[in-house]
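J.: Got a structure for you, entry.pdb, holding PDB, C-alpha atoms.
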```
ATOM      1  CA  MET A   9      49.818 -60.005 131.482
ATOM      2  CA  SER A  10      51.732 -56.914 130.436
ATOM      3  CA  ALA A  11      50.443 -54.411 127.899
ATOM      4  CA  LYS A  12      53.575 -55.251 125.879
ATOM      5  CA  SER A  13      52.081 -58.595 124.925
ATOM      6  CA  ILE A  14      48.804 -57.191 123.585
ATOM      7  CA  ASN A  15      48.338 -57.209 119.820
ATOM      8  CA  ILE A  16      45.369 -55.144 118.637
ATOM      9  CA  GLY A  17      43.656 -55.112 115.251
ATOM     10  CA  LEU A  18      41.715 -51.875 114.875
ATOM     11  CA  VAL A  19      38.791 -51.703 112.439
ATOM     12  CA  GLY A  20      36.791 -48.558 111.686
ATOM     13  CA  ALA A  21      33.120 -49.185 110.879
ATOM     14  CA  PRO A  22      31.681 -45.823 109.760
ATOM     15  CA  PHE A  23      28.054 -46.909 109.520
ATOM     16  CA  SER A  24      24.809 -45.239 110.598
ATOM     17  CA  LYS A  25      21.879 -47.013 108.935
ATOM     18  CA  GLY A  26      20.916 -49.089 111.970
ATOM     19  CA  GLN A  27      19.367 -45.898 113.383
ATOM     20  CA  PRO A  28      17.977 -42.576 112.100
ATOM     21  CA  ARG A  29      20.521 -39.981 113.304
ATOM     22  CA  GLY A  30      23.314 -38.945 110.969
ATOM     23  CA  GLY A  31      26.779 -38.399 112.346
ATOM     24  CA  VAL A  32      27.471 -41.702 114.090
ATOM     25  CA  GLU A  33      29.396 -42.783 110.981
ATOM     26  CA  GLU A  34      31.977 -40.149 112.022
ATOM     27  CA  GLY A  35      32.770 -42.078 115.230
ATOM     28  CA  PRO A  36      35.922 -43.800 113.919
ATOM     29  CA  THR A  37      37.277 -40.521 112.508
ATOM     30  CA  VAL A  38      36.902 -38.518 115.716
ATOM     31  CA  LEU A  39      38.349 -41.328 117.851
ATOM     32  CA  ARG A  40      41.390 -41.594 115.572
ATOM     33  CA  LYS A  41      41.817 -37.795 115.384
ATOM     34  CA  ALA A  42      41.846 -37.658 119.182
ATOM     35  CA  GLY A  43      44.892 -39.938 119.153
ATOM     36  CA  LEU A  44      43.429 -43.343 120.060
ATOM     37  CA  VAL A  45      45.993 -45.316 118.048
ATOM     38  CA  GLU A  46      48.943 -43.334 119.397
ATOM     39  CA  LYS A  47      47.694 -43.624 122.969
ATOM     40  CA  LEU A  48      47.377 -47.409 122.674
ATOM     41  CA  LYS A  49      50.878 -47.617 121.191
ATOM     42  CA  ASP A  50      52.249 -45.384 123.959
ATOM     43  CA  GLN A  51      50.946 -47.821 126.563
ATOM     44  CA  GLY A  52      52.882 -50.643 124.907
ATOM     45  CA  CYS A  53      50.270 -52.219 122.626
ATOM     46  CA  ASP A  54      51.164 -53.459 119.146
ATOM     47  CA  VAL A  55      48.408 -51.854 117.035
ATOM     48  CA  LYS A  56      47.652 -52.800 113.455
ATOM     49  CA  ASP A  57      45.130 -50.333 112.037
ATOM     50  CA  TYR A  58      43.091 -51.983 109.294
ATOM     51  CA  GLY A  59      41.551 -48.632 108.388
ATOM     52  CA  ASP A  60      37.856 -47.992 107.748
ATOM     53  CA  LEU A  61      35.597 -50.450 106.003
ATOM     54  CA  HIS A  62      33.831 -49.052 102.947
ATOM     55  CA  PHE A  63      30.105 -49.755 102.931
ATOM     56  CA  PRO A  64      28.636 -49.425  99.417
ATOM     57  CA  VAL A  65      25.142 -47.960  99.050
ATOM     58  CA  VAL A  66      22.520 -50.695  98.698
ATOM     59  CA  PRO A  67      19.887 -49.650  96.138
ATOM     60  CA  ASN A  68      16.139 -50.155  96.691
ATOM     61  CA  ASP A  69      16.568 -50.909 100.377
ATOM     62  CA  THR A  70      12.864 -50.861 101.209
ATOM     63  CA  PRO A  71      11.721 -51.646 104.772
ATOM     64  CA  PHE A  72      10.960 -55.202 105.830
ATOM     65  CA  GLN A  73       7.691 -54.817 107.757
ATOM     66  CA  ILE A  74       8.765 -51.772 109.823
ATOM     67  CA  VAL A  75      12.454 -52.732 109.917
ATOM     68  CA  LYS A  76      14.467 -49.966 108.225
ATOM     69  CA  ASN A  77      17.450 -50.394 105.861
ATOM     70  CA  PRO A  78      17.611 -54.192 106.331
ATOM     71  CA  ARG A  79      19.827 -54.936 103.315
ATOM     72  CA  SER A  80      22.255 -52.134 104.131
ATOM     73  CA  VAL A  81      22.594 -53.251 107.747
ATOM     74  CA  GLY A  82      22.832 -56.924 106.788
ATOM     75  CA  LYS A  83      25.510 -56.311 104.145
ATOM     76  CA  ALA A  84      27.584 -53.993 106.387
ATOM     77  CA  ASN A  85      27.570 -56.616 109.126
ATOM     78  CA  GLU A  86      28.549 -59.353 106.686
ATOM     79  CA  GLN A  87      31.584 -57.267 105.659
ATOM     80  CA  LEU A  88      32.470 -56.529 109.278
ATOM     81  CA  ALA A  89      32.158 -60.200 110.299
ATOM     82  CA  ALA A  90      34.661 -61.196 107.607
ATOM     83  CA  MET A  91      37.111 -58.492 108.710
ATOM     84  CA  VAL A  92      36.855 -59.333 112.427
ATOM     85  CA  ALA A  93      37.371 -63.037 111.628
ATOM     86  CA  ASP A  94      40.563 -62.042 109.736
ATOM     87  CA  VAL A  95      41.782 -59.983 112.694
ATOM     88  CA  LYS A  96      41.106 -62.854 115.103
ATOM     89  CA  THR A  97      42.754 -65.424 112.820
ATOM     90  CA  SER A  98      45.895 -63.267 112.886
ATOM     91  CA  GLY A  99      45.943 -63.578 116.685
ATOM     92  CA  ARG A 100      45.043 -59.971 117.498
ATOM     93  CA  THR A 101      42.356 -58.593 119.798
ATOM     94  CA  SER A 102      39.736 -57.039 117.528
ATOM     95  CA  VAL A 103      38.725 -53.450 118.290
ATOM     96  CA  VAL A 104      35.767 -52.199 116.242
ATOM     97  CA  LEU A 105      35.086 -48.468 116.248
ATOM     98  CA  GLY A 106      31.447 -47.758 115.393
ATOM     99  CA  GLY A 107      29.231 -46.690 113.944
ATOM    100  CA  ASP A 108      25.908 -47.676 115.437
ATOM    101  CA  HIS A 109      25.325 -50.724 117.613
ATOM    102  CA  SER A 110      23.661 -52.807 114.878
ATOM    103  CA  LEU A 111      27.299 -53.544 113.932
ATOM    104  CA  ALA A 112      27.629 -55.890 116.918
ATOM    105  CA  ILE A 113      25.943 -58.542 114.750
ATOM    106  CA  GLY A 114      28.978 -58.596 112.486
ATOM    107  CA  SER A 115      31.575 -57.996 115.163
ATOM    108  CA  ILE A 116      30.403 -60.844 117.417
ATOM    109  CA  SER A 117      29.618 -63.191 114.497
ATOM    110  CA  GLY A 118      33.119 -62.732 113.076
ATOM    111  CA  HIS A 119      34.707 -63.215 116.492
ATOM    112  CA  ALA A 120      32.655 -66.383 117.109
ATOM    113  CA  ARG A 121      33.843 -67.920 113.822
ATOM    114  CA  VAL A 122      37.329 -68.103 115.314
ATOM    115  CA  HIS A 123      36.393 -68.448 119.011
ATOM    116  CA  PRO A 124      32.998 -70.200 119.150
ATOM    117  CA  ASP A 125      33.247 -70.504 122.950
ATOM    118  CA  LEU A 126      33.284 -66.723 123.518
ATOM    119  CA  CYS A 127      31.131 -64.907 126.051
ATOM    120  CA  VAL A 128      29.736 -61.370 125.795
ATOM    121  CA  ILE A 129      29.654 -58.468 128.253
ATOM    122  CA  TRP A 130      27.224 -55.862 126.907
ATOM    123  CA  VAL A 131      27.499 -52.395 128.506
ATOM    124  CA  ASP A 132      24.513 -50.296 127.454
ATOM    125  CA  ALA A 133      21.480 -48.351 128.642
ATOM    126  CA  HIS A 134      19.457 -50.658 126.361
ATOM    127  CA  THR A 135      19.273 -54.424 125.828
ATOM    128  CA  ASP A 136      19.181 -54.168 122.000
ATOM    129  CA  ILE A 137      17.283 -57.468 121.979
ATOM    130  CA  ASN A 138      14.067 -56.486 120.204
ATOM    131  CA  THR A 139      13.259 -58.825 117.339
ATOM    132  CA  PRO A 140      11.985 -57.628 113.942
ATOM    133  CA  GLU A 141       8.556 -58.652 115.308
ATOM    134  CA  THR A 142       8.749 -56.815 118.669
ATOM    135  CA  THR A 143      10.486 -53.608 117.561
ATOM    136  CA  THR A 144       8.342 -50.476 117.696
ATOM    137  CA  SER A 145      10.918 -48.194 116.029
ATOM    138  CA  GLY A 146      12.151 -50.479 113.237
ATOM    139  CA  ASN A 147      15.736 -49.360 113.974
ATOM    140  CA  LEU A 148      18.135 -52.293 113.752
ATOM    141  CA  HIS A 149      20.551 -50.864 116.344
ATOM    142  CA  GLY A 150      17.908 -51.903 118.886
ATOM    143  CA  GLN A 151      17.892 -55.508 117.628
ATOM    144  CA  PRO A 152      21.430 -56.940 117.235
ATOM    145  CA  VAL A 153      21.338 -59.391 120.151
ATOM    146  CA  SER A 154      18.157 -61.029 118.859
ATOM    147  CA  PHE A 155      20.013 -62.092 115.673
ATOM    148  CA  LEU A 156      22.924 -63.508 117.689
ATOM    149  CA  LEU A 157      20.937 -65.535 120.231
ATOM    150  CA  LYS A 158      20.346 -69.237 119.513
ATOM    151  CA  GLU A 159      17.212 -69.333 121.681
ATOM    152  CA  LEU A 160      15.535 -66.693 119.483
ATOM    153  CA  LYS A 161      16.237 -68.434 116.169
ATOM    154  CA  GLY A 162      12.614 -69.464 115.701
ATOM    155  CA  MET A 163      11.355 -65.936 116.416
ATOM    156  CA  ILE A 164      13.402 -64.129 113.753
ATOM    157  CA  PRO A 165      11.770 -63.882 110.315
ATOM    158  CA  ASP A 166      13.813 -64.042 107.095
ATOM    159  CA  VAL A 167      14.965 -60.432 106.955
ATOM    160  CA  PRO A 168      16.509 -59.485 103.589
ATOM    161  CA  GLY A 169      20.275 -59.100 103.944
ATOM    162  CA  PHE A 170      20.576 -61.408 106.944
ATOM    163  CA  SER A 171      20.569 -64.875 105.349
ATOM    164  CA  TRP A 172      24.302 -65.206 106.190
ATOM    165  CA  VAL A 173      23.745 -64.791 109.959
ATOM    166  CA  THR A 174      23.946 -67.878 112.165
ATOM    167  CA  PRO A 175      23.109 -67.338 115.864
ATOM    168  CA  CYS A 176      26.369 -67.878 117.745
ATOM    169  CA  ILE A 177      25.692 -67.295 121.466
ATOM    170  CA  SER A 178      23.295 -68.790 123.987
ATOM    171  CA  ALA A 179      21.321 -66.908 126.622
ATOM    172  CA  LYS A 180      23.821 -68.058 129.277
ATOM    173  CA  ASP A 181      26.764 -66.531 127.346
ATOM    174  CA  ILE A 182      25.842 -62.848 127.784
ATOM    175  CA  VAL A 183      25.678 -60.430 130.717
ATOM    176  CA  TYR A 184      24.274 -56.903 130.479
ATOM    177  CA  ILE A 185      25.540 -54.025 132.627
ATOM    178  CA  GLY A 186      23.974 -50.553 132.927
ATOM    179  CA  LEU A 187      20.411 -51.182 131.731
ATOM    180  CA  ARG A 188      17.804 -48.504 132.382
ATOM    181  CA  ASP A 189      15.620 -48.291 129.251
ATOM    182  CA  VAL A 190      14.177 -51.695 128.359
ATOM    183  CA  ASP A 191      11.070 -52.202 126.213
ATOM    184  CA  PRO A 192       8.318 -54.576 127.474
ATOM    185  CA  GLY A 193       9.008 -57.083 124.667
ATOM    186  CA  GLU A 194      12.705 -57.056 125.543
ATOM    187  CA  HIS A 195      11.996 -57.531 129.262
ATOM    188  CA  TYR A 196       9.864 -60.549 128.382
ATOM    189  CA  ILE A 197      12.783 -62.063 126.414
ATOM    190  CA  LEU A 198      15.242 -61.425 129.286
ATOM    191  CA  LYS A 199      12.934 -63.181 131.756
ATOM    192  CA  LYS A 200      11.841 -66.005 129.460
ATOM    193  CA  PHE A 201      15.403 -67.112 128.721
ATOM    194  CA  GLY A 202      16.910 -66.227 132.097
ATOM    195  CA  ILE A 203      19.389 -63.748 130.654
ATOM    196  CA  LYS A 204      21.720 -62.286 133.295
ATOM    197  CA  TYR A 205      21.654 -58.510 133.640
ATOM    198  CA  PHE A 206      22.622 -55.768 136.041
ATOM    199  CA  SER A 207      20.366 -52.757 135.650
ATOM    200  CA  MET A 208      21.441 -49.423 137.119
ATOM    201  CA  SER A 209      19.288 -50.291 140.158
ATOM    202  CA  GLU A 210      21.490 -53.336 140.743
ATOM    203  CA  VAL A 211      24.671 -51.337 140.130
ATOM    204  CA  ASP A 212      23.474 -48.832 142.748
ATOM    205  CA  LYS A 213      22.498 -51.529 145.222
ATOM    206  CA  MET A 214      25.501 -53.836 144.863
ATOM    207  CA  GLY A 215      28.271 -51.511 143.752
ATOM    208  CA  ILE A 216      30.249 -52.000 140.558
ATOM    209  CA  GLY A 217      32.857 -54.179 142.298
ATOM    210  CA  LYS A 218      30.297 -56.839 143.210
ATOM    211  CA  VAL A 219      28.667 -56.555 139.771
ATOM    212  CA  MET A 220      31.960 -57.433 138.079
ATOM    213  CA  GLU A 221      32.660 -60.258 140.539
ATOM    214  CA  GLU A 222      29.269 -61.805 139.776
ATOM    215  CA  THR A 223      29.684 -61.223 136.026
ATOM    216  CA  PHE A 224      32.978 -63.137 135.959
ATOM    217  CA  SER A 225      31.683 -65.868 138.237
ATOM    218  CA  TYR A 226      28.669 -66.353 135.946
ATOM    219  CA  LEU A 227      30.547 -66.250 132.604
ATOM    220  CA  LEU A 228      33.934 -67.697 133.581
ATOM    221  CA  GLY A 229      33.196 -69.740 136.717
ATOM    222  CA  ARG A 230      33.116 -73.079 134.931
ATOM    223  CA  LYS A 231      35.683 -72.361 132.238
ATOM    224  CA  LYS A 232      37.973 -69.519 131.230
ATOM    225  CA  ARG A 233      37.031 -68.357 127.728
ATOM    226  CA  PRO A 234      37.424 -65.358 125.416
ATOM    227  CA  ILE A 235      35.491 -62.208 126.343
ATOM    228  CA  HIS A 236      33.805 -59.950 123.798
ATOM    229  CA  LEU A 237      33.012 -56.546 125.299
ATOM    230  CA  SER A 238      30.373 -54.628 123.369
ATOM    231  CA  PHE A 239      30.428 -51.126 124.844
ATOM    232  CA  ASP A 240      27.770 -48.588 123.868
ATOM    233  CA  VAL A 241      28.878 -45.184 125.131
ATOM    234  CA  ASP A 242      25.256 -44.486 126.159
ATOM    235  CA  GLY A 243      25.832 -47.060 128.913
ATOM    236  CA  MET A 244      27.541 -44.202 130.695
ATOM    237  CA  ASP A 245      25.577 -41.217 131.942
ATOM    238  CA  PRO A 246      24.852 -38.375 129.472
ATOM    239  CA  SER A 247      26.962 -36.116 131.722
ATOM    240  CA  VAL A 248      29.928 -38.302 130.650
ATOM    241  CA  THR A 249      28.987 -39.131 127.041
ATOM    242  CA  PRO A 250      26.458 -36.524 125.817
ATOM    243  CA  ALA A 251      27.274 -36.919 122.088
ATOM    244  CA  THR A 252      25.340 -40.116 121.433
ATOM    245  CA  GLY A 253      22.056 -41.037 119.760
ATOM    246  CA  THR A 254      19.863 -42.371 122.576
ATOM    247  CA  PRO A 255      21.118 -40.947 125.880
ATOM    248  CA  VAL A 256      19.317 -42.007 129.066
ATOM    249  CA  GLN A 257      19.779 -40.216 132.383
ATOM    250  CA  GLY A 258      21.044 -42.096 135.410
ATOM    251  CA  GLY A 259      23.811 -44.123 133.771
ATOM    252  CA  LEU A 260      27.228 -45.415 134.733
ATOM    253  CA  SER A 261      29.735 -42.851 135.963
ATOM    254  CA  TYR A 262      33.070 -42.492 134.198
ATOM    255  CA  ARG A 263      34.667 -44.182 137.204
ATOM    256  CA  GLU A 264      32.300 -47.165 136.881
ATOM    257  CA  GLY A 265      33.025 -47.379 133.138
ATOM    258  CA  LEU A 266      36.751 -47.450 133.863
ATOM    259  CA  TYR A 267      36.334 -50.022 136.625
ATOM    260  CA  ILE A 268      34.425 -52.401 134.320
ATOM    261  CA  THR A 269      37.152 -52.205 131.676
ATOM    262  CA  GLU A 270      40.048 -52.381 134.159
ATOM    263  CA  GLU A 271      38.606 -55.571 135.639
ATOM    264  CA  ILE A 272      38.089 -57.119 132.202
ATOM    265  CA  TYR A 273      41.729 -56.335 131.372
ATOM    266  CA  LYS A 274      42.876 -58.066 134.562
ATOM    267  CA  THR A 275      41.244 -61.345 133.472
ATOM    268  CA  GLY A 276      43.635 -61.504 130.510
ATOM    269  CA  LEU A 277      40.713 -62.826 128.450
ATOM    270  CA  LEU A 278      39.564 -59.799 126.427
ATOM    271  CA  SER A 279      39.485 -60.975 122.823
ATOM    272  CA  GLY A 280      37.116 -58.527 121.080
ATOM    273  CA  LEU A 281      35.917 -54.987 121.795
ATOM    274  CA  ASP A 282      33.250 -52.754 120.240
ATOM    275  CA  ILE A 283      33.187 -49.019 121.001
ATOM    276  CA  MET A 284      29.814 -47.905 119.659
ATOM    277  CA  GLU A 285      27.463 -44.939 119.194
ATOM    278  CA  VAL A 286      29.893 -42.006 119.487
ATOM    279  CA  ASN A 287      28.060 -39.362 117.430
ATOM    280  CA  PRO A 288      29.952 -36.044 117.141
ATOM    281  CA  SER A 289      26.979 -34.408 115.365
ATOM    282  CA  LEU A 290      24.896 -34.699 118.538
ATOM    283  CA  GLY A 291      27.182 -32.799 120.875
ATOM    284  CA  LYS A 292      25.534 -29.450 121.654
ATOM    285  CA  THR A 293      29.001 -27.885 121.957
ATOM    286  CA  PRO A 294      32.503 -28.887 120.846
ATOM    287  CA  GLU A 295      33.260 -29.565 124.514
ATOM    288  CA  GLU A 296      30.464 -32.172 124.664
ATOM    289  CA  VAL A 297      31.979 -33.956 121.675
ATOM    290  CA  THR A 298      35.440 -33.855 123.270
ATOM    291  CA  ARG A 299      34.060 -35.152 126.565
ATOM    292  CA  THR A 300      32.343 -38.085 124.827
ATOM    293  CA  VAL A 301      35.383 -38.953 122.704
ATOM    294  CA  ASN A 302      37.739 -38.752 125.690
ATOM    295  CA  ALA A 303      35.482 -41.033 127.738
ATOM    296  CA  ALA A 304      35.388 -43.573 124.885
ATOM    297  CA  ILE A 305      39.180 -43.447 124.588
ATOM    298  CA  GLY A 306      39.577 -43.743 128.366
ATOM    299  CA  VAL A 307      37.581 -46.964 128.599
ATOM    300  CA  THR A 308      39.385 -48.352 125.520
ATOM    301  CA  GLN A 309      42.780 -47.679 127.073
ATOM    302  CA  ALA A 310      41.652 -49.267 130.340
ATOM    303  CA  CYS A 311      40.691 -52.411 128.390
ATOM    304  CA  PHE A 312      44.370 -52.759 127.491
ATOM    305  CA  GLY A 313      45.996 -52.041 130.794
ATOM    306  CA  VAL A 314      46.120 -48.339 131.567
ATOM    307  CA  ALA A 315      45.578 -48.198 135.323
ATOM    308  CA  ARG A 316      44.435 -45.165 137.248
ATOM    309  CA  GLU A 317      47.173 -45.626 139.822
ATOM    310  CA  GLY A 318      49.711 -45.341 137.003
ATOM    311  CA  ASN A 319      51.836 -47.782 135.023
ATOM    312  CA  HIS A 320      55.554 -48.448 135.034
ATOM    313  CA  THR A 321      57.910 -51.210 134.021
ATOM    314  CA  GLU A 322      60.902 -52.664 135.822
ATOM    315  CA  ALA A 323      63.119 -51.571 132.929
ATOM    316  CA  GLN A 324      62.060 -47.924 133.313
ATOM    317  CA  TYR A 325      62.543 -47.830 137.053
ATOM    318  CA  PRO A 326      64.947 -50.519 138.206
ATOM    319  CA  ILE A 327      64.980 -50.697 141.987
ATOM    320  CA  ARG A 328      68.390 -51.858 143.160
ATOM    321  CA  ALA A 329      69.361 -53.013 146.586
ATOM    322  CA  PRO A 330      71.739 -50.583 148.314
ATOM    323  CA  LYS A 331      75.404 -51.502 148.046
TER     324      LYS A 331
END
```
Could you write out this file's structure as structure tokens?
T.:
Amino acid sequence: MSAKSINIGLVGAPFSKGQPRGGVEEGPTVLRKAGLVEKLKDQGCDVKDYGDLHFPVVPNDTPFQIVKNPRSVGKANEQLAAMVADVKTSGRTSVVLGGDHSLAIGSISGHARVHPDLCVIWVDAHTDINTPETTTSGNLHGQPVSFLLKELKGMIPDVPGFSWVTPCISAKDIVYIGLRDVDPGEHYILKKFGIKYFSMSEVDKMGIGKVMEETFSYLLGRKKRPIHLSFDVDGMDPSVTPATGTPVQGGLSYREGLYITEEIYKTGLLSGLDIMEVNPSLGKTPEEVTRTVNAAIGVTQACFGVAREGNHTEAQYPIRAPK
């Protein structure tokens, strides 16, 4: 599968109300300013940039129990789901630039409307699978998977703004990579439903090569199907991506982040991508922001075929037999 054949639909989702720290809504802007679109085009991708979604202010968005900004988060995800479904209907790979990780509700829901057999690889320090009942923070960016999972349907109350959501994946359709900060309620859910995950302990023990082998065997062993990669930049170590909202020490190296995305590219099955939680306001220096943005761009490019050993085409470098 050559990069030439990859059609990308890029959607900016400048949204921050799934968590308390301002600045994450600037993620799409800083990724674009750093040349993401041009870099993808330079590597042979056909990129259609759909621009940034506009998220109107929702008045009187009072908490539901302790869940903050429920109507704003619900409405933003409803908009995003419709846009991602449009991108997928047009035959492009959807690339959503966040914004906070609550947006995965919309991104994966929209993708599943067109490809209901999709599977999810979730790269993150956190499982983001608290329910509105188990959350201790009330921040919806720690809860998106609980809204998407069919097995949790009976455990999710009627949160205002979320009546449109239909759970679209089963516990066996998701694999986590990079976990190292999991709440007790979330750990209970992982164990109860047998959800597959590779914590950083497992990454250290097995090596990232074996982790990816097992991930593909688990998700694709019975049947090849579309992959949705939801990539929170805090999955990588804070030394790689310091400008993010909930950094946790001891994360994936940049090399491991690239390896994950290179291997997903090689399957030829990547169908949707989220790049989430780049927050330029949280870099202590401009260099920290640049480092975070460059890492996010690096893993995005690797998703679409940039290889560390270099890329070339036969047309560029024809090798002829000697006369």
J.: Once the PyMOL selection byres ((chain A and resi 237-246) around 8) has been applied to the shown file, what residues remain in the selection, as a ChimeraX atom specification?
T.: /A:109,112,128-134,185-187,235-236,247-262,265,278,280-286,300,304
J.: Using all atoms listed in the file, which residue out of A:Ala310, A:Ile14, A:Ala42, A:Leu156 lies closest to A:Gly118?
T.: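 Smallest distance to A:Gly118 is found for A:Leu156.
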J.: Quick one: apply the PyMOL selection byres ((chain A and resi 171) around 12) to the file and drop the selected residues here as a CSV table (one decimal) with C-alpha atoms, in the frame of the given file.
T.:
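The result, written out as out_6.csv:
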```
chain,number,residue,atom,x,y,z
A,78,PRO,CA,17.6,-54.2,106.3
A,79,ARG,CA,19.8,-54.9,103.3
A,82,GLY,CA,22.8,-56.9,106.8
A,83,LYS,CA,25.5,-56.3,104.1
A,85,ASN,CA,27.6,-56.6,109.1
A,86,GLU,CA,28.5,-59.4,106.7
A,155,PHE,CA,20.0,-62.1,115.7
A,164,ILE,CA,13.4,-64.1,113.8
A,165,PRO,CA,11.8,-63.9,110.3
A,166,ASP,CA,13.8,-64.0,107.1
A,167,VAL,CA,15.0,-60.4,107.0
A,168,PRO,CA,16.5,-59.5,103.6
A,169,GLY,CA,20.3,-59.1,103.9
A,170,PHE,CA,20.6,-61.4,106.9
A,172,TRP,CA,24.3,-65.2,106.2
A,173,VAL,CA,23.7,-64.8,110.0
A,174,THR,CA,23.9,-67.9,112.2
A,175,PRO,CA,23.1,-67.3,115.9
```
J.: Please tell me which residues are no farther than 10 Å from (36.9, -56.9, 135.3) in the file, counting only C-alpha atoms, and write them as a PyMOL selection string.
T.: chain A and resi 216-217+219-221+223-224+266-278+311
J.: What does the distance between atom CA of A:Ser279 and atom CA of A:Lys47 come to in Å, to one decimal place?
T.: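 Value for the atom CA of A:Ser279-atom CA of A:Lys47 distance: 19.2 Å.
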J.: Skipping near chain neighbours, those fewer than 4 positions away, what residues fall within 8 Å of A:Val38 using all atoms listed in the file, listed as a count of residues only?
T.: 4
J.: Rounded to one decimal in Å, what is the spacing between atom CA of A:Val190 and atom CA of A:Tyr205?
T.: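 A separation of 11.4 Å between them.
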J.: So how many Å separate atom CA of A:Tyr196 and atom CA of A:Phe23, to one decimal?
T.: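 According to the coordinates, atom CA of A:Tyr196 and atom CA of A:Phe23 are separated by 29.5 Å.
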J.: Restricting the calculation to all atoms listed in the file, which member of A:Ala89, A:Leu148, A:Val183, A:Leu48 is positioned closest to A:Thr308?
T.: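 So, comparing all the options, the nearest one is A:Leu48.
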J.: Between A:Ser110, A:Asn287, A:Ser209, A:Asn15, which has the minimum distance to A:Val32 (counting all atoms listed in the file)?
T.: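 Among the listed residues, the smallest separation from A:Val32 belongs to A:Asn287.
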J.: Which residue is closest to A:Cys53? Choose from A:Ala90, A:Ile16, A:Leu290, A:Met214 and count only C-alpha atoms.
T.: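 Of the candidates, the smallest distance to A:Cys53 is held by A:Ile16.
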J.: Care to translate the PyMOL selection byres ((chain A and resi 66) around 9) into actual residues of this file, as a ChimeraX atom specification?
T.: /A:63-65,67-69,77,79-80,83
J.: Which residues, written as a PyMOL selection string, have at least one atom at most 9 Å from A:Val95, with all atoms listed in the file counted and residues fewer than 6 positions away on the same chain left out?
T.: chain A and resi 16-19+58+101-102+119
J.: Let me make sure I understand: among A:Val45, A:Leu227, A:Ile203, A:Leu39, which one has the smallest atom-to-atom distance to A:Val297 if we use all atoms listed in the file?
T.: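 Of all the options, A:Leu39 lies closest to A:Val297.
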J.: I need the residue nearest A:Ala315 from this list: A:Tyr184, A:Arg263, A:Gly26, A:Glu210. Use only C-alpha atoms for the distance.
T.: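 Nearest to A:Ala315: A:Arg263.
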J.: Here's a test: counting only C-alpha atoms, identify every protein, DNA and RNA residue with an atom at most 12 Å from (15.7, -63.6, 117.9) in the file's coordinate frame, and state them as a ChimeraX atom specification.
T.: /A:113,136-143,150-167,173-179,193-194,197-198,201
J.: Save stretch 211-223 of chain A from what I just supplied, as an mmCIF file, in the first residue's frame, atoms limited to N, CA and C atoms.
T.:
```
data_model
loop_
_atom_site.group_PDB
_atom_site.id
_atom_site.type_symbol
_atom_site.label_atom_id
_atom_site.label_comp_id
_atom_site.auth_asym_id
_atom_site.auth_seq_id
_atom_site.Cartn_x
_atom_site.Cartn_y
_atom_site.Cartn_z
ATOM 1 N N VAL A 211 4.612 -3.373 28.361
ATOM 2 C CA VAL A 211 5.467 -2.861 27.281
ATOM 3 C C VAL A 211 6.938 -3.095 27.639
ATOM 4 N N ASP A 212 7.287 -2.815 28.902
ATOM 5 C CA ASP A 212 8.669 -3.026 29.351
ATOM 6 C C ASP A 212 9.061 -4.507 29.303
ATOM 7 N N LYS A 213 8.135 -5.343 29.730
ATOM 8 C CA LYS A 213 8.445 -6.777 29.830
ATOM 9 C C LYS A 213 8.540 -7.436 28.455
ATOM 10 N N MET A 214 7.575 -7.104 27.580
ATOM 11 C CA MET A 214 7.448 -7.807 26.307
ATOM 12 C C MET A 214 8.203 -7.129 25.170
ATOM 13 N N GLY A 215 8.343 -5.809 25.279
ATOM 14 C CA GLY A 215 8.863 -5.042 24.146
ATOM 15 C C GLY A 215 7.720 -4.640 23.231
ATOM 16 N N ILE A 216 7.868 -3.497 22.587
ATOM 17 C CA ILE A 216 6.756 -2.946 21.797
ATOM 18 C C ILE A 216 6.467 -3.800 20.561
ATOM 19 N N GLY A 217 7.480 -4.512 20.053
ATOM 20 C CA GLY A 217 7.248 -5.381 18.898
ATOM 21 C C GLY A 217 6.248 -6.475 19.204
ATOM 22 N N LYS A 218 6.433 -7.139 20.342
ATOM 23 C CA LYS A 218 5.526 -8.222 20.749
ATOM 24 C C LYS A 218 4.143 -7.666 21.102
ATOM 25 N N VAL A 219 4.117 -6.484 21.713
ATOM 26 C CA VAL A 219 2.833 -5.847 22.040
ATOM 27 C C VAL A 219 2.007 -5.645 20.774
ATOM 28 N N MET A 220 2.625 -5.146 19.717
ATOM 29 C CA MET A 220 1.882 -4.903 18.479
ATOM 30 C C MET A 220 1.469 -6.219 17.806
ATOM 31 N N GLU A 221 2.344 -7.200 17.849
ATOM 32 C CA GLU A 221 1.988 -8.531 17.315
ATOM 33 C C GLU A 221 0.738 -9.064 17.996
ATOM 34 N N GLU A 222 0.731 -9.004 19.327
ATOM 35 C CA GLU A 222 -0.421 -9.524 20.086
ATOM 36 C C GLU A 222 -1.676 -8.683 19.856
ATOM 37 N N THR A 223 -1.490 -7.362 19.731
ATOM 38 C CA THR A 223 -2.628 -6.471 19.461
ATOM 39 C C THR A 223 -3.305 -6.855 18.148
#
```
